[in-house]
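Shown next: upload28.cif, containing mmCIF, C-alpha atoms.
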```cif
data_my_file
loop_
_atom_site.label_atom_id
_atom_site.label_comp_id
_atom_site.auth_asym_id
_atom_site.auth_seq_id
_atom_site.Cartn_x
_atom_site.Cartn_y
_atom_site.Cartn_z
CA MET A 1256 8.27 -8.98 15.51
CA VAL A 1257 6.21 -6.15 13.98
CA THR A 1258 8.38 -6.29 10.86
CA PHE A 1259 8.04 -10.08 10.57
CA ILE A 1260 4.26 -9.88 10.95
CA GLY A 1261 4.22 -7.24 8.22
CA LEU A 1262 6.26 -9.58 6.04
CA LEU A 1263 3.69 -12.37 6.38
CA ASN A 1264 0.73 -10.04 5.80
CA SER A 1265 2.30 -8.72 2.62
CA ALA A 1266 3.12 -12.22 1.42
CA GLY A 1267 -0.48 -13.33 1.94
CA PHE A 1268 -1.76 -10.35 -0.01
CA SER A 1269 0.70 -10.48 -2.89
CA VAL A 1270 0.50 -14.24 -3.47
CA SER A 1271 -3.10 -13.86 -4.60
CA LEU A 1272 -4.75 -10.46 -4.96
CA PRO A 1273 -2.48 -8.82 -7.61
CA PHE A 1274 -3.58 -11.61 -9.97
CA LEU A 1275 -7.30 -10.99 -9.42
CA SER A 1276 -7.42 -8.48 -12.29
CA LEU A 1277 -5.96 -11.07 -14.66
CA TYR A 1278 -8.45 -13.68 -13.45
CA LEU A 1279 -11.48 -11.43 -13.97
CA TYR A 1280 -10.23 -10.08 -17.29
CA GLN A 1281 -8.88 -13.24 -18.92
CA GLN A 1282 -10.97 -16.03 -17.40
CA ARG A 1283 -14.28 -14.31 -16.57
CA ASP A 1284 -14.32 -11.77 -19.48
CA VAL A 1285 -14.79 -8.71 -17.26
CA PRO A 1286 -13.73 -5.47 -19.09
CA MET A 1287 -10.77 -3.64 -17.61
CA THR A 1288 -12.84 -0.52 -16.94
CA VAL A 1289 -15.21 -2.64 -14.83
CA VAL A 1290 -12.25 -4.29 -13.09
CA GLY A 1291 -10.98 -0.83 -12.20
CA LEU A 1292 -14.39 0.14 -10.82
CA ILE A 1293 -14.46 -3.06 -8.74
CA ILE A 1294 -11.11 -2.20 -7.21
CA LEU A 1295 -12.27 1.39 -6.65
CA GLY A 1296 -15.45 0.29 -4.88
CA SER A 1297 -13.60 -2.19 -2.71
CA GLY A 1298 -11.06 0.49 -1.87
CA LEU A 1299 -13.72 2.92 -0.70
CA ILE A 1300 -15.25 0.31 1.59
CA ALA A 1301 -11.83 -0.80 2.86
CA ALA A 1302 -10.87 2.83 3.49
CA ALA A 1303 -13.93 3.26 5.71
CA ALA A 1304 -13.01 0.09 7.60
CA GLN A 1305 -9.45 1.35 7.91
CA MET A 1306 -10.52 4.66 9.43
CA LEU A 1307 -12.76 2.93 11.96
CA SER A 1308 -10.04 0.46 12.90
CA GLY A 1309 -7.57 3.31 13.39
CA MET A 1310 -9.90 5.04 15.85
CA LEU A 1311 -10.64 1.71 17.51
CA SER A 1312 -6.92 1.18 18.10
CA ASP A 1313 -6.83 4.50 19.97
CA ARG A 1314 -9.68 3.30 22.17
CA ILE A 1315 -8.84 -0.34 22.94
CA GLY A 1316 -5.17 -0.59 21.93
CA ARG A 1317 -3.18 -1.72 18.90
CA ARG A 1318 -2.94 -5.47 19.57
CA PRO A 1319 -6.67 -6.35 19.64
CA VAL A 1320 -7.25 -4.57 16.33
CA ILE A 1321 -4.33 -6.32 14.61
CA LEU A 1322 -5.44 -9.67 16.04
CA GLY A 1323 -9.05 -9.26 14.92
CA SER A 1324 -8.15 -8.16 11.40
CA THR A 1325 -5.83 -11.14 11.00
CA VAL A 1326 -8.58 -13.55 12.02
CA LEU A 1327 -10.93 -11.97 9.48
CA ALA A 1328 -8.35 -12.13 6.67
CA THR A 1329 -7.58 -15.80 7.37
CA VAL A 1330 -11.23 -16.84 7.19
CA LEU A 1331 -11.89 -14.81 4.06
CA PHE A 1332 -8.87 -16.17 2.20
CA ILE A 1333 -10.38 -19.63 2.68
CA VAL A 1334 -13.75 -18.38 1.41
CA MET A 1335 -12.11 -16.89 -1.68
CA ALA A 1336 -10.32 -20.16 -2.43
CA LEU A 1337 -13.59 -22.08 -2.26
CA LEU A 1338 -15.51 -19.58 -4.39
CA ILE A 1339 -12.95 -19.44 -7.18
CA SER A 1340 -12.37 -23.20 -7.19
CA SER A 1341 -16.13 -23.74 -7.65
CA THR A 1342 -16.38 -21.04 -10.37
CA ALA A 1343 -18.84 -19.06 -8.29
CA PRO A 1344 -20.63 -16.06 -9.82
CA VAL A 1345 -18.47 -12.99 -10.32
CA TRP A 1346 -20.59 -10.98 -7.86
CA ALA A 1347 -19.89 -13.51 -5.10
CA ILE A 1348 -16.14 -13.46 -5.76
CA VAL A 1349 -16.12 -9.67 -5.85
CA SER A 1350 -18.10 -9.48 -2.58
CA ALA A 1351 -15.61 -11.76 -0.86
CA TYR A 1352 -12.73 -9.74 -2.29
CA VAL A 1353 -14.17 -6.58 -0.75
CA LEU A 1354 -14.28 -8.25 2.66
CA VAL A 1355 -10.75 -9.66 2.26
CA ARG A 1356 -9.46 -6.21 1.49
CA CYS A 1357 -11.24 -4.77 4.53
CA GLY A 1358 -9.67 -7.40 6.74
CA LEU A 1359 -6.17 -6.79 5.41
CA MET A 1360 -6.39 -3.00 5.51
CA SER A 1361 -7.86 -2.81 9.01
CA ALA A 1362 -4.53 -3.79 10.55
CA ARG A 1363 -2.53 -1.03 8.89
CA PRO A 1364 -3.44 2.02 11.02
CA ALA A 1365 -2.78 0.12 14.26
CA THR A 1366 0.55 -1.16 12.93
CA SER A 1367 1.65 2.30 11.77
CA ALA A 1368 0.56 3.86 15.08
CA LEU A 1369 2.51 1.18 16.92
CA ILE A 1370 5.67 2.32 15.13
CA VAL A 1371 5.04 5.91 16.24
CA ASP A 1372 4.47 4.66 19.80
CA LEU A 1373 7.78 2.82 19.89
CA MET A 1374 10.17 5.02 17.88
CA PRO A 1375 11.63 8.45 18.77
CA LYS A 1376 10.24 11.07 16.39
CA ALA A 1377 13.70 11.91 15.11
CA ARG A 1378 14.04 8.31 13.87
CA LEU A 1379 10.55 7.72 12.50
CA ALA A 1380 11.78 7.52 8.90
CA GLU A 1381 14.16 4.73 9.91
CA GLY A 1382 11.40 2.91 11.79
CA TYR A 1383 9.08 2.99 8.81
CA GLY A 1384 11.97 2.02 6.59
CA ILE A 1385 12.55 -1.15 8.63
CA LEU A 1386 8.82 -1.95 8.59
CA ARG A 1387 8.71 -1.54 4.81
CA MET A 1388 11.73 -3.81 4.40
CA GLY A 1389 9.76 -6.64 5.99
CA GLN A 1390 6.58 -5.84 4.07
CA ASN A 1391 8.39 -5.75 0.76
CA LEU A 1392 10.30 -8.93 1.44
CA GLY A 1393 6.92 -10.62 1.82
CA PHE A 1394 5.62 -8.80 -1.23
CA GLY A 1395 8.59 -10.09 -3.19
CA PHE A 1396 8.05 -13.76 -2.38
CA GLY A 1397 4.29 -13.55 -2.95
CA PRO A 1398 4.17 -12.67 -6.67
CA ALA A 1399 6.88 -15.19 -7.50
CA ILE A 1400 4.86 -17.94 -5.82
CA GLY A 1401 1.62 -16.61 -7.27
CA GLY A 1402 2.96 -16.43 -10.80
CA TYR A 1403 4.13 -20.04 -10.58
CA PHE A 1404 0.79 -21.24 -9.15
CA TRP A 1405 -1.07 -19.35 -11.89
CA ALA A 1406 1.02 -21.08 -14.55
CA VAL A 1407 0.72 -24.66 -13.24
CA THR A 1408 -2.56 -24.88 -11.32
CA SER A 1409 -5.86 -23.08 -10.71
CA TYR A 1410 -6.18 -19.56 -9.34
CA GLY A 1411 -8.07 -20.80 -6.30
CA TRP A 1412 -4.92 -22.41 -4.93
CA LEU A 1413 -3.33 -18.97 -4.62
CA PHE A 1414 -5.90 -18.08 -1.99
CA ALA A 1415 -5.38 -21.39 -0.22
CA ALA A 1416 -1.68 -20.54 0.05
CA ALA A 1417 -2.58 -17.06 1.30
CA ALA A 1418 -4.79 -18.62 3.98
CA VAL A 1419 -1.90 -20.75 5.26
CA ILE A 1420 0.38 -17.70 5.42
CA SER A 1421 -2.29 -15.67 7.20
CA LEU A 1422 -2.82 -18.48 9.73
CA LEU A 1423 0.88 -18.41 10.61
CA CYS A 1424 0.67 -14.65 10.99
CA LEU A 1425 -2.31 -15.07 13.33
CA PHE A 1426 -0.32 -17.39 15.59
CA LEU A 1427 2.58 -14.93 15.82
CA VAL A 1428 0.31 -11.98 16.59
CA TYR A 1429 -1.47 -13.93 19.33
CA ARG A 1430 1.68 -15.38 20.85
CA PHE A 1431 4.29 -12.63 20.59
CA LEU A 1432 2.88 -9.18 19.75
CA LYS A 1433 2.90 -6.85 22.77
CA GLU A 1434 0.68 -3.83 23.33
CA SER A 1435 2.28 -0.39 22.87
CA PHE A 1436 -0.67 1.83 23.84
CA GLY A 1437 -3.18 1.15 26.57
CA GLY A 1438 -6.04 2.92 24.82
CA SER A 1439 -8.25 5.81 25.79
CA ASN A 1440 -11.71 5.22 27.24
CA GLY A 1441 -12.85 8.62 25.98
CA GLU A 1442 -12.12 7.95 22.30
CA LYS A 1443 -15.36 7.75 20.34
CA VAL A 1444 -15.52 5.55 17.25
CA ASN A 1445 -18.02 7.22 14.93
CA LEU A 1446 -18.34 9.38 11.81
CA GLN A 1447 -18.12 12.61 13.78
CA ALA A 1448 -14.73 11.57 15.15
CA VAL A 1449 -13.54 10.86 11.60
CA LEU A 1450 -14.60 14.28 10.37
CA ALA A 1451 -12.94 15.95 13.35
CA THR A 1452 -9.56 14.86 12.00
CA ALA A 1453 -10.18 16.96 8.88
CA ARG A 1454 -10.14 20.10 11.01
CA ASP A 1455 -6.34 19.89 11.01
CA GLN A 1456 -5.88 21.90 7.83
CA THR A 1457 -2.19 21.12 7.45
CA PHE A 1458 -2.88 17.40 7.68
CA LEU A 1459 -5.94 17.65 5.43
CA GLY A 1460 -3.93 19.36 2.70
CA PHE A 1461 -1.34 16.60 2.84
CA THR A 1462 -3.96 13.84 2.57
CA VAL A 1463 -5.73 15.49 -0.38
CA ILE A 1464 -2.47 15.65 -2.33
CA SER A 1465 -1.78 12.06 -1.31
CA VAL A 1466 -5.00 10.91 -2.98
CA ILE A 1467 -3.71 12.31 -6.28
CA ALA A 1468 -0.27 10.82 -5.69
CA PHE A 1469 -1.57 7.33 -5.01
CA MET A 1470 -3.80 7.50 -8.10
CA GLY A 1471 -0.58 7.44 -10.07
CA LEU A 1472 1.31 5.07 -7.81
CA GLY A 1473 -1.50 2.53 -7.48
CA GLN A 1474 -0.92 0.76 -10.78
CA PHE A 1475 0.58 -2.42 -9.30
CA ILE A 1476 -2.76 -3.97 -8.42
CA SER A 1477 -4.31 -3.96 -11.88
CA THR A 1478 -2.85 -1.92 -14.71
CA LEU A 1479 0.70 -3.26 -14.61
CA SER A 1480 -0.36 -6.91 -14.58
CA VAL A 1481 -2.70 -6.59 -17.57
CA TYR A 1482 -0.31 -4.32 -19.46
CA THR A 1483 2.73 -6.57 -19.13
CA VAL A 1484 0.92 -9.87 -19.69
CA ASP A 1485 -1.84 -8.96 -22.15
CA ARG A 1486 -0.23 -6.05 -24.04
CA VAL A 1487 3.50 -6.72 -23.95
CA GLY A 1488 3.23 -10.52 -23.90
CA PHE A 1489 5.14 -11.38 -20.74
CA SER A 1490 4.28 -14.56 -18.86
CA THR A 1491 2.70 -14.36 -15.42
CA VAL A 1492 6.00 -15.60 -14.00
CA GLN A 1493 7.80 -12.65 -15.63
CA TYR A 1494 5.20 -10.24 -14.27
CA GLY A 1495 5.62 -11.76 -10.81
CA SER A 1496 9.39 -11.36 -11.11
CA LEU A 1497 8.95 -7.61 -11.70
CA LEU A 1498 7.19 -7.34 -8.35
CA THR A 1499 9.87 -9.54 -6.80
CA LEU A 1500 12.57 -7.19 -8.12
CA ASN A 1501 10.69 -4.30 -6.57
CA ALA A 1502 10.48 -6.02 -3.21
CA VAL A 1503 14.07 -7.27 -3.11
CA THR A 1504 15.39 -3.82 -4.04
CA VAL A 1505 13.37 -2.27 -1.22
CA VAL A 1506 14.75 -4.81 1.24
CA LEU A 1507 18.31 -4.05 0.20
CA LEU A 1508 18.11 -0.26 -0.08
CA GLN A 1509 15.21 0.95 2.06
CA TYR A 1510 17.03 1.42 5.36
CA PRO A 1511 20.07 3.34 4.03
CA ALA A 1512 17.77 5.32 1.72
CA ALA A 1513 15.49 6.22 4.66
CA ARG A 1514 18.48 7.47 6.67
CA TRP A 1515 19.68 9.51 3.68
CA ILE A 1516 16.36 11.02 2.65
CA GLY A 1517 15.51 11.78 6.29
CA ARG A 1518 18.16 14.51 6.22
CA PHE A 1519 16.30 16.41 3.51
CA LYS A 1520 13.62 18.99 4.13
CA ARG A 1521 10.23 17.39 3.80
CA ALA A 1522 9.23 19.37 0.70
CA GLU A 1523 12.36 18.40 -1.24
CA ALA A 1524 12.22 14.76 -0.12
CA LEU A 1525 8.59 14.32 -1.17
CA PHE A 1526 9.14 15.96 -4.54
CA LEU A 1527 12.28 13.95 -5.26
CA GLY A 1528 10.52 10.65 -4.59
CA MET A 1529 7.56 11.56 -6.79
CA ALA A 1530 9.77 12.81 -9.62
CA VAL A 1531 11.69 9.53 -9.73
CA TYR A 1532 8.40 7.62 -9.58
CA SER A 1533 7.18 9.63 -12.58
CA VAL A 1534 10.24 8.80 -14.67
CA GLY A 1535 9.87 5.11 -13.82
CA TYR A 1536 6.24 4.85 -14.87
CA LEU A 1537 6.90 6.84 -18.04
CA SER A 1538 9.65 4.33 -18.85
CA MET A 1539 7.01 1.58 -18.90
CA GLY A 1540 5.73 3.15 -22.12
CA PHE A 1541 8.93 2.10 -23.89
CA VAL A 1542 8.96 -1.48 -22.58
CA GLY A 1543 9.29 -4.26 -25.12
CA PRO A 1544 12.20 -6.47 -24.14
CA TYR A 1545 12.02 -7.92 -20.67
CA GLY A 1546 15.26 -6.17 -19.68
CA LEU A 1547 13.69 -2.75 -20.24
CA ALA A 1548 10.82 -3.71 -17.97
CA LEU A 1549 13.32 -4.63 -15.24
CA GLY A 1550 15.01 -1.24 -15.66
CA ALA A 1551 11.72 0.64 -15.49
CA MET A 1552 10.75 -1.28 -12.37
CA GLY A 1553 14.10 -0.42 -10.82
CA ILE A 1554 13.45 3.30 -11.31
CA ILE A 1555 9.93 2.98 -9.90
CA THR A 1556 11.36 1.22 -6.85
CA ILE A 1557 13.88 4.00 -6.19
CA GLY A 1558 11.01 6.46 -6.18
CA GLU A 1559 9.15 4.25 -3.74
CA ILE A 1560 11.97 3.92 -1.24
CA LEU A 1561 12.45 7.69 -1.26
CA PHE A 1562 8.80 8.69 -0.97
CA SER A 1563 7.15 6.12 1.30
CA PRO A 1564 9.08 6.51 4.59
CA VAL A 1565 8.97 10.31 4.34
CA SER A 1566 5.21 10.39 3.77
CA MET A 1567 4.58 8.09 6.73
CA THR A 1568 6.97 10.16 8.86
CA VAL A 1569 4.98 13.30 8.08
CA VAL A 1570 1.78 11.61 9.26
CA GLY A 1571 3.47 10.42 12.45
CA GLU A 1572 4.88 13.87 13.20
CA LEU A 1573 1.56 15.63 12.66
CA SER A 1574 -0.56 13.26 14.77
CA PRO A 1575 -1.29 13.97 18.48
CA LYS A 1576 -0.28 11.22 20.88
CA ASN A 1577 -3.81 10.06 21.73
CA GLN A 1578 -5.00 10.22 18.11
CA ARG A 1579 -2.24 8.41 16.25
CA GLY A 1580 -4.48 5.57 15.17
CA ARG A 1581 -7.13 8.02 13.98
CA TYR A 1582 -4.60 10.02 11.94
CA GLN A 1583 -3.10 6.86 10.46
CA GLY A 1584 -6.58 5.66 9.56
CA PHE A 1585 -7.48 8.97 7.93
CA TYR A 1586 -4.27 8.92 5.92
CA GLY A 1587 -5.08 5.33 5.03
CA LEU A 1588 -8.28 6.72 3.48
CA ALA A 1589 -6.18 8.87 1.16
CA GLU A 1590 -3.84 6.02 0.29
CA THR A 1591 -6.58 3.44 -0.25
CA LEU A 1592 -8.78 5.85 -2.20
CA GLY A 1593 -5.89 6.87 -4.44
CA ILE A 1594 -4.69 3.32 -4.99
CA SER A 1595 -8.26 2.30 -5.80
CA LEU A 1596 -8.77 5.20 -8.22
CA GLY A 1597 -5.47 4.30 -9.89
CA PRO A 1598 -6.70 1.08 -11.52
CA THR A 1599 -9.86 2.90 -12.60
CA LEU A 1600 -7.69 5.43 -14.40
CA GLY A 1601 -5.34 2.76 -15.73
CA GLY A 1602 -8.18 0.48 -16.81
CA ALA A 1603 -9.89 3.28 -18.71
CA LEU A 1604 -6.61 4.16 -20.45
CA LEU A 1605 -6.03 0.52 -21.39
CA ASP A 1606 -9.54 0.18 -22.82
CA ALA A 1607 -9.31 3.47 -24.73
CA SER A 1608 -5.82 3.00 -26.22
CA ALA A 1609 -4.75 0.92 -29.19
CA PRO A 1610 -2.98 -2.40 -28.48
CA ASP A 1611 0.36 -0.79 -29.34
CA GLY A 1612 -0.45 2.58 -27.74
CA ARG A 1613 1.81 2.20 -24.74
CA LEU A 1614 2.66 5.83 -24.09
CA ALA A 1615 -1.06 6.61 -24.24
CA VAL A 1616 -1.33 4.57 -21.04
CA TRP A 1617 1.76 5.63 -19.12
CA LEU A 1618 2.22 9.31 -20.07
CA PRO A 1619 -1.01 10.41 -18.32
CA ILE A 1620 -0.13 8.31 -15.28
CA ALA A 1621 3.38 9.80 -15.08
CA SER A 1622 1.89 13.29 -15.42
CA VAL A 1623 -0.47 12.73 -12.49
CA ILE A 1624 2.45 11.59 -10.33
CA LEU A 1625 4.61 14.60 -11.23
CA ALA A 1626 1.72 17.00 -10.59
CA ALA A 1627 1.31 15.49 -7.12
CA GLY A 1628 5.04 15.91 -6.50
CA LEU A 1629 4.84 19.61 -7.32
CA ALA A 1630 1.84 19.97 -5.04
CA PHE A 1631 3.74 18.27 -2.20
CA TYR A 1632 6.61 20.71 -2.73
CA VAL A 1633 4.34 23.75 -2.52
CA TRP A 1634 2.54 22.31 0.51
CA GLY A 1635 5.80 21.58 2.28
CA LYS A 1636 7.19 25.07 1.68
CA ARG A 1637 4.03 26.90 2.73
CA ARG A 1638 2.39 24.77 5.37
CA TYR A 1639 4.78 22.30 6.99
CA ARG A 1640 7.32 23.23 9.62
CA PRO A 1641 9.93 20.50 10.16
CA LEU A 1642 10.68 19.30 13.64
CA PRO A 1643 13.92 20.48 15.28
CA GLU A 1644 17.09 18.58 14.57
CA ALA A 1645 17.55 15.31 16.42
CA SER A 1646 20.25 16.81 18.63
CA ALA A 1647 17.92 19.55 19.81
CA ILE A 1648 15.20 17.01 20.61
CA GLU A 1649 17.59 14.88 22.62
CA ALA A 1650 18.91 17.95 24.48
CA ALA A 1651 15.37 18.91 25.43
#
```

Structure translated into structure tokens:
Amino acid sequence: MVTFIGLLNSAGFSVSLPFLSLYLYQQRDVPMTVVGLIILGSGLIAAAAQMLSGMLSDRIGRRPVILGSTVLATVLFIVMALLISSTAPVWAIVSAYVLVRCGLMSARPATSALIVDLMPKARLAEGYGILRMGQNLGFGFGPAIGGYFWAVTSYGWLFAAAAVISLLCLFLVYRFLKESFGGSNGEKVNLQAVLATARDQTFLGFTVISVIAFMGLGQFISTLSVYTVDRVGFSTVQYGSLLTLNAVTVVLLQYPAARWIGRFKRAEALFLGMAVYSVGYLSMGFVGPYGLALGAMGIITIGEILFSPVSMTVVGELSPKNQRGRYQGFYGLAETLGISLGPTLGGALLDASAPDGRLAVWLPIASVILAAGLAFYVWGKRRYRPLPEASAIEAA
């Protein structure tokens, strides 16, 4: 059920929000640098909401937080549809987008903590792999539907479709999702509690590197859409199909890849995923024919299925039992901040480069990703001690 709910949440997000950059840039004449700053600002606010929701899930339980965030997202999708359909001022659309993103992101720490609650630590990578299969299946359907809607009707209808998907998700959460953690009455939800998490120096080092990593990885939201459609000349349907390829590949390969990469030491696994990511994004600089774009996306996806479950496993292993939501929320800060800084970096590179200067966009991005991979490797060798083998855990 958790996986299916994740599928619907991802579908609601990807049917609409990845096309927001195109809408602001092409239809409302907002410069890409400004679009990147909008995504950055929304990410900072959503990250704060995510941290608070993670701590709240430790206090009152996982289910109420997931339920409340789904209600908020459903209402705000409807608001976005109305604003865009009426050609509301850009500031109003951006304000609603910030709130939508907060609603969507607030469920993530509770969902990730729920996985840690339910899965044995020795199989966390598999658990997150299964969750990501559902999320990416939804992410795959979303862009395909969104690209078609964009081509044949107004952008506002994308958010109407997202609202319907979110409403279905709300019903399933209310009817079927069970609580996995009863909560702790002593857990305080405030800024001091957030800062207390940073006292774990091993965890803090990992999250700082993750911010840099996600700066490079977070190009899906903005940079890739504008680059492929505006620079290369693909249709929005072709751009959507690239995201669909990514999602379908994750669905097919994530679970066996998670089992395979889970056997590696954490340092090697993190570096391998980031290195493959780097090659994939660099390959985007050579894209012209559509087939090359599919190949580049395939490489990027391999990097994703290697890196993502391992990174989430590290967070789950490092978090104390009564603070899993807090740790997931704090890591969500790193992920959201990095993904939000990514479009700022990508937007600035797009604005500063010539129309045919493709490597000028993707070489710096690939370099940032590789640098983060090296930092993960050093961190893993010096600071992280892997858990005992599964057999030893079971024997204990």

So what does the PyMOL selection byres ((chain A and resi 1593-1601) around 10) actually pick up in this one, as a PDB file with C-alpha atoms, keeping the file's coordinate frame?
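Result went into out_26.pdb, see below:
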```
ATOM      1  CA  SER A1276      -7.420  -8.480 -12.290  1.00  0.00           C
ATOM      2  CA  MET A1287     -10.770  -3.640 -17.610  1.00  0.00           C
ATOM      3  CA  THR A1288     -12.840  -0.520 -16.940  1.00  0.00           C
ATOM      4  CA  VAL A1289     -15.210  -2.640 -14.830  1.00  0.00           C
ATOM      5  CA  VAL A1290     -12.250  -4.290 -13.090  1.00  0.00           C
ATOM      6  CA  GLY A1291     -10.980  -0.830 -12.200  1.00  0.00           C
ATOM      7  CA  LEU A1292     -14.390   0.140 -10.820  1.00  0.00           C
ATOM      8  CA  ILE A1293     -14.460  -3.060  -8.740  1.00  0.00           C
ATOM      9  CA  ILE A1294     -11.110  -2.200  -7.210  1.00  0.00           C
ATOM     10  CA  LEU A1295     -12.270   1.390  -6.650  1.00  0.00           C
ATOM     11  CA  GLY A1296     -15.450   0.290  -4.880  1.00  0.00           C
ATOM     12  CA  SER A1297     -13.600  -2.190  -2.710  1.00  0.00           C
ATOM     13  CA  GLY A1298     -11.060   0.490  -1.870  1.00  0.00           C
ATOM     14  CA  LEU A1299     -13.720   2.920  -0.700  1.00  0.00           C
ATOM     15  CA  ALA A1301     -11.830  -0.800   2.860  1.00  0.00           C
ATOM     16  CA  ALA A1302     -10.870   2.830   3.490  1.00  0.00           C
ATOM     17  CA  VAL A1463      -5.730  15.490  -0.380  1.00  0.00           C
ATOM     18  CA  ILE A1464      -2.470  15.650  -2.330  1.00  0.00           C
ATOM     19  CA  SER A1465      -1.780  12.060  -1.310  1.00  0.00           C
ATOM     20  CA  VAL A1466      -5.000  10.910  -2.980  1.00  0.00           C
ATOM     21  CA  ILE A1467      -3.710  12.310  -6.280  1.00  0.00           C
ATOM     22  CA  ALA A1468      -0.270  10.820  -5.690  1.00  0.00           C
ATOM     23  CA  PHE A1469      -1.570   7.330  -5.010  1.00  0.00           C
ATOM     24  CA  MET A1470      -3.800   7.500  -8.100  1.00  0.00           C
ATOM     25  CA  GLY A1471      -0.580   7.440 -10.070  1.00  0.00           C
ATOM     26  CA  LEU A1472       1.310   5.070  -7.810  1.00  0.00           C
ATOM     27  CA  GLY A1473      -1.500   2.530  -7.480  1.00  0.00           C
ATOM     28  CA  GLN A1474      -0.920   0.760 -10.780  1.00  0.00           C
ATOM     29  CA  PHE A1475       0.580  -2.420  -9.300  1.00  0.00           C
ATOM     30  CA  ILE A1476      -2.760  -3.970  -8.420  1.00  0.00           C
ATOM     31  CA  SER A1477      -4.310  -3.960 -11.880  1.00  0.00           C
ATOM     32  CA  THR A1478      -2.850  -1.920 -14.710  1.00  0.00           C
ATOM     33  CA  LEU A1479       0.700  -3.260 -14.610  1.00  0.00           C
ATOM     34  CA  VAL A1481      -2.700  -6.590 -17.570  1.00  0.00           C
ATOM     35  CA  TYR A1482      -0.310  -4.320 -19.460  1.00  0.00           C
ATOM     36  CA  GLY A1587      -5.080   5.330   5.030  1.00  0.00           C
ATOM     37  CA  LEU A1588      -8.280   6.720   3.480  1.00  0.00           C
ATOM     38  CA  ALA A1589      -6.180   8.870   1.160  1.00  0.00           C
ATOM     39  CA  GLU A1590      -3.840   6.020   0.290  1.00  0.00           C
ATOM     40  CA  THR A1591      -6.580   3.440  -0.250  1.00  0.00           C
ATOM     41  CA  LEU A1592      -8.780   5.850  -2.200  1.00  0.00           C
ATOM     42  CA  GLY A1602      -8.180   0.480 -16.810  1.00  0.00           C
ATOM     43  CA  ALA A1603      -9.890   3.280 -18.710  1.00  0.00           C
ATOM     44  CA  LEU A1604      -6.610   4.160 -20.450  1.00  0.00           C
ATOM     45  CA  LEU A1605      -6.030   0.520 -21.390  1.00  0.00           C
ATOM     46  CA  ASP A1606      -9.540   0.180 -22.820  1.00  0.00           C
ATOM     47  CA  ALA A1607      -9.310   3.470 -24.730  1.00  0.00           C
ATOM     48  CA  VAL A1616      -1.330   4.570 -21.040  1.00  0.00           C
ATOM     49  CA  TRP A1617       1.760   5.630 -19.120  1.00  0.00           C
ATOM     50  CA  PRO A1619      -1.010  10.410 -18.320  1.00  0.00           C
ATOM     51  CA  ILE A1620      -0.130   8.310 -15.280  1.00  0.00           C
TER      52      ILE A1620
END
```

Got a sec: who's within 10 Å of A:Gly1540, counting all atoms listed in the file, leaving out chain neighbours fewer than 4 positions off, as a PDB file with C-alpha atoms, in the coordinates of the input?
```
ATOM      1  CA  TYR A1482      -0.310  -4.320 -19.460  1.00  0.00           C
ATOM      2  CA  GLY A1535       9.870   5.110 -13.820  1.00  0.00           C
ATOM      3  CA  TYR A1536       6.240   4.850 -14.870  1.00  0.00           C
ATOM      4  CA  ALA A1548      10.820  -3.710 -17.970  1.00  0.00           C
ATOM      5  CA  ALA A1551      11.720   0.640 -15.490  1.00  0.00           C
ATOM      6  CA  ASP A1611       0.360  -0.790 -29.340  1.00  0.00           C
ATOM      7  CA  GLY A1612      -0.450   2.580 -27.740  1.00  0.00           C
ATOM      8  CA  ARG A1613       1.810   2.200 -24.740  1.00  0.00           C
ATOM      9  CA  LEU A1614       2.660   5.830 -24.090  1.00  0.00           C
ATOM     10  CA  ALA A1615      -1.060   6.610 -24.240  1.00  0.00           C
ATOM     11  CA  VAL A1616      -1.330   4.570 -21.040  1.00  0.00           C
ATOM     12  CA  TRP A1617       1.760   5.630 -19.120  1.00  0.00           C
ATOM     13  CA  LEU A1618       2.220   9.310 -20.070  1.00  0.00           C
ATOM     14  CA  ALA A1621       3.380   9.800 -15.080  1.00  0.00           C
TER      15      ALA A1621
END
```

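With atom CA of A:Arg1521 on one side and atom CA of A:Phe1458 on the other, the separation reads 13.7 Å.
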
Rounded to one decimal in Å, what is the spacing between atom CA of A:Leu1423 and atom CA of A:Thr1325?
-> 9.9 Å

In Å and to one decimal, atom CA of A:Phe1426 is distant from atom CA of A:Val1326 by 9.8 Å

Would you write out, as a ChimeraX atom specification, every residue that the PyMOL selection byres ((chain A and resi 1354) around 9) captures in this file?
-> /A:1297,1300-1301,1327-1328,1331,1349-1353,1355-1359

Would you write out those residues with C-alpha atoms, as a JSON list (two decimals), in the frame of the given file?
```json
[["chain", "number", "residue", "atom", "x", "y", "z"],
["A", 1297, "SER", "CA", -13.60, -2.19, -2.71],
["A", 1300, "ILE", "CA", -15.25, 0.31, 1.59],
["A", 1301, "ALA", "CA", -11.83, -0.80, 2.86],
["A", 1327, "LEU", "CA", -10.93, -11.97, 9.48],
["A", 1328, "ALA", "CA", -8.35, -12.13, 6.67],
["A", 1331, "LEU", "CA", -11.89, -14.81, 4.06],
["A", 1349, "VAL", "CA", -16.12, -9.67, -5.85],
["A", 1350, "SER", "CA", -18.10, -9.48, -2.58],
["A", 1351, "ALA", "CA", -15.61, -11.76, -0.86],
["A", 1352, "TYR", "CA", -12.73, -9.74, -2.29],
["A", 1353, "VAL", "CA", -14.17, -6.58, -0.75],
["A", 1355, "VAL", "CA", -10.75, -9.66, 2.26],
["A", 1356, "ARG", "CA", -9.46, -6.21, 1.49],
["A", 1357, "CYS", "CA", -11.24, -4.77, 4.53],
["A", 1358, "GLY", "CA", -9.67, -7.40, 6.74],
["A", 1359, "LEU", "CA", -6.17, -6.79, 5.41]]
```
